[in-house]
Every structure is written in structure tokens, then in C-alpha cells.
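Contents: one structure, followed by commentary.
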Amino acid sequence: MKAFTLNNGVVMPALGYGVFKLTDPAECTAGVIEAVKTGYRLIDTAQAYGNEEAVGAAIKACGVDRGELFITTKLWFKAFETADAERALEKSFEKLGLDYIDMVLLHWPFGNVYAAWRVLEKYYDAGRIRAIGVSNFEPDRLIDLISFNRVRPVVNQIETHLFCQQTASHEWMAKYGVAHQAYAPLGRGVNGMFETEAVKAAAAAHGKTPAQIALRFLIDSDVAVIPKSAHAERIHENADLFDFEFTPAELAALRALDRHEAMIGRPADPAKVETAMRW
């Protein structure tokens with residue numbers, strides 16, 4: 001399976017399993033176990049998702065050595081003050097049942113970002129976190145963070161899919177050596193993406209599903225993906241991506257689907273920020 005070497009030398013799988021909205025503990029634990037059985041090694045959770053304990057239970061029960069897994073969680077922005085961040089991180093360690101966490105991201109560029117980042121640096125220096133990064137940072141916020149801190153983010157996790165390919169942000173991230181990771185890589189299946197002619201034609205040509213086309217396109221664009229599903233069939237489908245190649249014409253048609261507009265991750269949109277503040 002394809003992987004990315006991050007700017008600190010840590011290797012991160014290109015494909016991961018996301019658990020956003022898997023709030024039922026049994027369902028979340030079962031989903032993670034099924035994902036690991038299928039071959040996923042990156043599991044992506046967050047404090048705000050409310051399911052770190054369920055992920056921790058799956059890590060214990062999955063039958064795969066801890067060292068083979070890459071576990072990501074995210075520090076919620078309402079815990080960005082120094083003491084709050086340290087307490088929140090310790091809770092994540094406890095809920096996940098881990099001695100170390102592979103990657104921790106700052107979840108949204110709100111609140112006291114600098115204080116939270118320096119807490120992550122402290123845990124990184126101590127070896128308790130292998131890699132630190134951010135989520136939902138626009139290029140200007142990312143450059144600001146890099147310019148005034150010691151440890152560079154390894155990843156920026158942002159909404160990315162065929163209708164929001166984030167090519168401009170990708171170029172800035174590449175310039176600063178920050179890996180691009182996509183959340184909502186399937187557009188949450190609500191925007192007509194899978195009904196476009198480019199996707200349907202590529203799916204038919206390669207005997208793949210529209211979801212597989214969407215995910216493979218992102219990986220081929222040097223974007224890591226963390227699709228979410230609670231269904232075993234979809235979990236398997238989303239991992240079966242590496243036995244075909246796009247033609248140049250197919251890639252061009254898929255690139256042309258970009259509408260340059262995020263549905264979820266819009267930190268510069270006051271209405272989105274207002275909604276986030278109510279979480």
C-alpha cells in the first residue's frame with residue numbers, strides 16, 4: 001500500500017480509516033477492527049468525535065501489533081490554552097490506551113493556536129507523539145504557524161475531494177514540505193459527484209466503483225485519504241484501489257470536475273466558524 005514519508009521521516013499510510021460520526025461505541029470498535037482486518041493501518045479519530053475510547057478498544061482487540069498501526073487524533077480548539085491542552089492530551093492517551101500516539105493535529109485554526117502548538121512540540125520532543133500537524137488551516141495560517149514556531153507541521157488535513165481538489169493549497173503545502181491529507185474524500189456522497197460523466201466513465205473502464213475512482217484520483221494526486229464507513233463491504237471497497245491506472249485523458253476529465261469550493265472546511269466563513277463555536 002502506498003505511503004508518504006513526512007518531513008520528520010515518519011512514514012504515514014496514504015490510505016486510512018476515518019471514524020467521524022461513528023458515535024455508537026460498538027459500531028465504531030467493530031468498524032476499526034474490520035478496517036484493520038482489511039489491511040488499513042492508519043486510524044483517524046479526534047477528541048471532538050467522542051469515540052477515542054471505542055478506537056482504543058479496537059486497537060486492543062484487533063490482533064495487530066501496535067507498532068504496525070498509525071493512530072491519529074486531534075486536539076479540539078476549545079482546549080488550546082496550555083494547561084487545557086495538556087489535560088486534553090492526557091485524556092486522549094488514557095482513552096486510546098496508548099503509551100504514544102503517532103500523530104496529533106490541531107483541530108481548526110481557532111483559539112490560542114500558538115499555545116497549543118507549543119504543547120504539541122513538548123510532547124513531540126518527549127517522544128510521546130511521533131508527528132504533529134494541523135487540520136483546516138488555510139495557507140496563510142499554515143505559513144504563519146511555520147514562521148514563528150520551531151517544529152514544522154507534518155500534515156494539514158483539509159476537506160478535499162473531486163469537487164474541491166484544493167490545488168492552490170496543495171501547492172503551498174508542497175512548498176513548505178507539509179503533506180496533504182483529505183477528509184471527506186468522497187464528498188460525503190451528497191453532492192452528485194458519483195453521477196458525473198467523468199467518474200462514471202472511469203469506473204466503467206476499470207471495473208471500479210465511483211468511490212474507488214474518487215479515492216484513487218486523490219492518492220495519485222499525492223493526497224492521503226481517510227474515508228469513513230460503518231459497513232464492511234464499503235470498508236473493503238475503499239481499500240481496493242491499487243490494481244489499475246488512469247489514462248491521461250481520464251485524469252484530465254477528473255481534474256476538470258474541480259469546483260474550488262469546500263462544503264465543510266471553510267475556516268474563513270463566519271457562519272461555519274459560528275457553528276464550530278457551538279460544538
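Within each chain, counting starts at residue 1; across the C-alpha cells, chains are named A, B, ... in the order shown, with ligands numbered 1 upward in that order.
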
Would you please give, as a VMD selection string, all residues of segment 5-181 of chain A that DSSP assigns to strand (DSSP E) based on the backbone?
chain A and resid 5 11 to 13 16 to 18 42 to 44 70 to 76 101 to 107 129 to 135 155 to 159 179 to 181

Residues of segment 86-264 of chain A classed as helix (DSSP H, G or I) by DSSP on the backbone are to be reported as a compact mmCIF listing (two decimals) with C-alpha atoms, in the first residue's frame.
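Output contents, as saved in out.txt:
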# COMPACT_ATOMS: atom_id res chain seq x y z
CA GLU A 86 -2.00 19.14 28.35
CA ARG A 87 -5.05 17.83 30.21
CA ALA A 88 -6.85 17.05 26.95
CA LEU A 89 -3.85 15.18 25.55
CA GLU A 90 -3.53 13.09 28.68
CA LYS A 91 -7.22 12.18 28.36
CA SER A 92 -6.61 11.11 24.76
CA PHE A 93 -3.73 8.86 25.84
CA GLU A 94 -5.97 7.37 28.52
CA LYS A 95 -8.99 6.84 26.26
CA LEU A 96 -6.92 5.36 23.45
CA VAL A 113 -3.11 28.14 18.38
CA TYR A 114 0.42 29.09 19.43
CA ALA A 115 -0.01 27.81 22.98
CA ALA A 116 -1.49 24.53 21.75
CA TRP A 117 1.23 24.08 19.16
CA ARG A 118 3.96 24.51 21.74
CA VAL A 119 2.30 21.87 23.91
CA LEU A 120 2.40 19.53 20.92
CA GLU A 121 6.07 20.40 20.44
CA LYS A 122 6.72 19.49 24.08
CA TYR A 123 5.06 16.07 23.70
CA TYR A 124 6.82 15.55 20.37
CA ASP A 125 10.21 16.31 21.92
CA PRO A 139 -2.20 28.52 3.54
CA ASP A 140 -1.78 31.91 5.26
CA ARG A 141 -2.41 30.39 8.71
CA LEU A 142 -0.09 27.49 7.91
CA ILE A 143 2.75 29.78 6.85
CA ASP A 144 2.26 31.91 9.96
CA LEU A 145 2.48 28.85 12.22
CA ILE A 146 5.60 27.61 10.46
CA SER A 147 7.29 31.01 10.56
CA THR A 167 -4.85 22.53 -5.78
CA ALA A 168 -3.74 26.01 -4.65
CA SER A 169 -3.48 24.90 -1.02
CA HIS A 170 -1.65 21.76 -2.17
CA GLU A 171 1.00 23.86 -3.92
CA TRP A 172 1.62 25.93 -0.79
CA MET A 173 1.80 22.82 1.38
CA ALA A 174 4.26 21.21 -1.03
CA LYS A 175 6.41 24.36 -0.95
CA GLY A 187 -17.76 14.46 -0.62
CA ARG A 188 -19.99 12.69 1.89
CA GLY A 189 -21.89 11.22 -1.06
CA MET A 193 -20.07 13.64 -7.57
CA PHE A 194 -20.59 9.98 -8.41
CA GLU A 195 -23.12 10.80 -11.14
CA GLU A 197 -19.77 11.51 -16.62
CA ALA A 198 -16.03 11.59 -15.86
CA VAL A 199 -16.44 9.42 -12.77
CA LYS A 200 -18.91 7.01 -14.36
CA ALA A 201 -16.74 6.57 -17.45
CA ALA A 202 -13.60 5.86 -15.45
CA ALA A 203 -15.47 3.45 -13.18
CA ALA A 204 -16.83 1.53 -16.16
CA ALA A 205 -13.45 1.44 -17.91
CA HIS A 206 -11.65 -0.05 -14.92
CA PRO A 210 -17.26 5.68 -8.30
CA ALA A 211 -15.93 5.80 -4.72
CA GLN A 212 -12.82 3.87 -5.73
CA ILE A 213 -12.27 6.27 -8.65
CA ALA A 214 -12.57 9.28 -6.35
CA LEU A 215 -10.15 7.89 -3.77
CA ARG A 216 -7.54 6.66 -6.26
CA PHE A 217 -7.59 10.04 -8.03
CA LEU A 218 -6.65 11.79 -4.79
CA ILE A 219 -3.89 9.33 -3.93
CA ASP A 220 -2.47 9.72 -7.44
CA ALA A 232 -17.84 -3.96 5.96
CA GLU A 233 -18.48 -4.06 2.22
CA ARG A 234 -17.65 -0.36 1.83
CA ILE A 235 -14.63 -0.66 4.11
CA HIS A 236 -13.26 -3.37 1.80
CA GLU A 237 -14.23 -1.44 -1.34
CA ASN A 238 -12.47 1.71 -0.18
CA ALA A 239 -9.21 -0.20 0.25
CA PRO A 248 -4.04 10.87 -19.12
CA ALA A 249 -7.48 11.64 -20.59
CA GLU A 250 -9.24 10.23 -17.53
CA LEU A 251 -7.05 12.25 -15.19
CA ALA A 252 -7.77 15.42 -17.16
CA ALA A 253 -11.53 14.78 -17.04
CA LEU A 254 -11.42 14.17 -13.31
CA ARG A 255 -9.33 17.29 -12.68

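Taking atom CA of Gly18 of chain A as the reference point, atom CA of Thr45 of chain A is found at 6.4 Å.
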
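The coordinates place atom CA of Ile43 of chain A at 26.7 Å from atom CA of Asn112 of chain A.
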
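Atom CA of His260 of chain A to atom CA of Val225 of chain A spans 18.2 Å [interatomic distance, one decimal].
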
For Pro109 of chain A, which of A:Ala83, A:Val134, A:Val155, A:Val223 is the closest residue, counting only C-alpha atoms?
A:Val134

Would you list the contacts of Ala131 of chain A as a list in words, taking every protein, DNA or RNA residue within 7 Å and counting only C-alpha atoms, but skipping same-chain residues closer than 3 positions in sequence?
Asp102, Met103, Val104, Tyr124 and Val154 of chain A
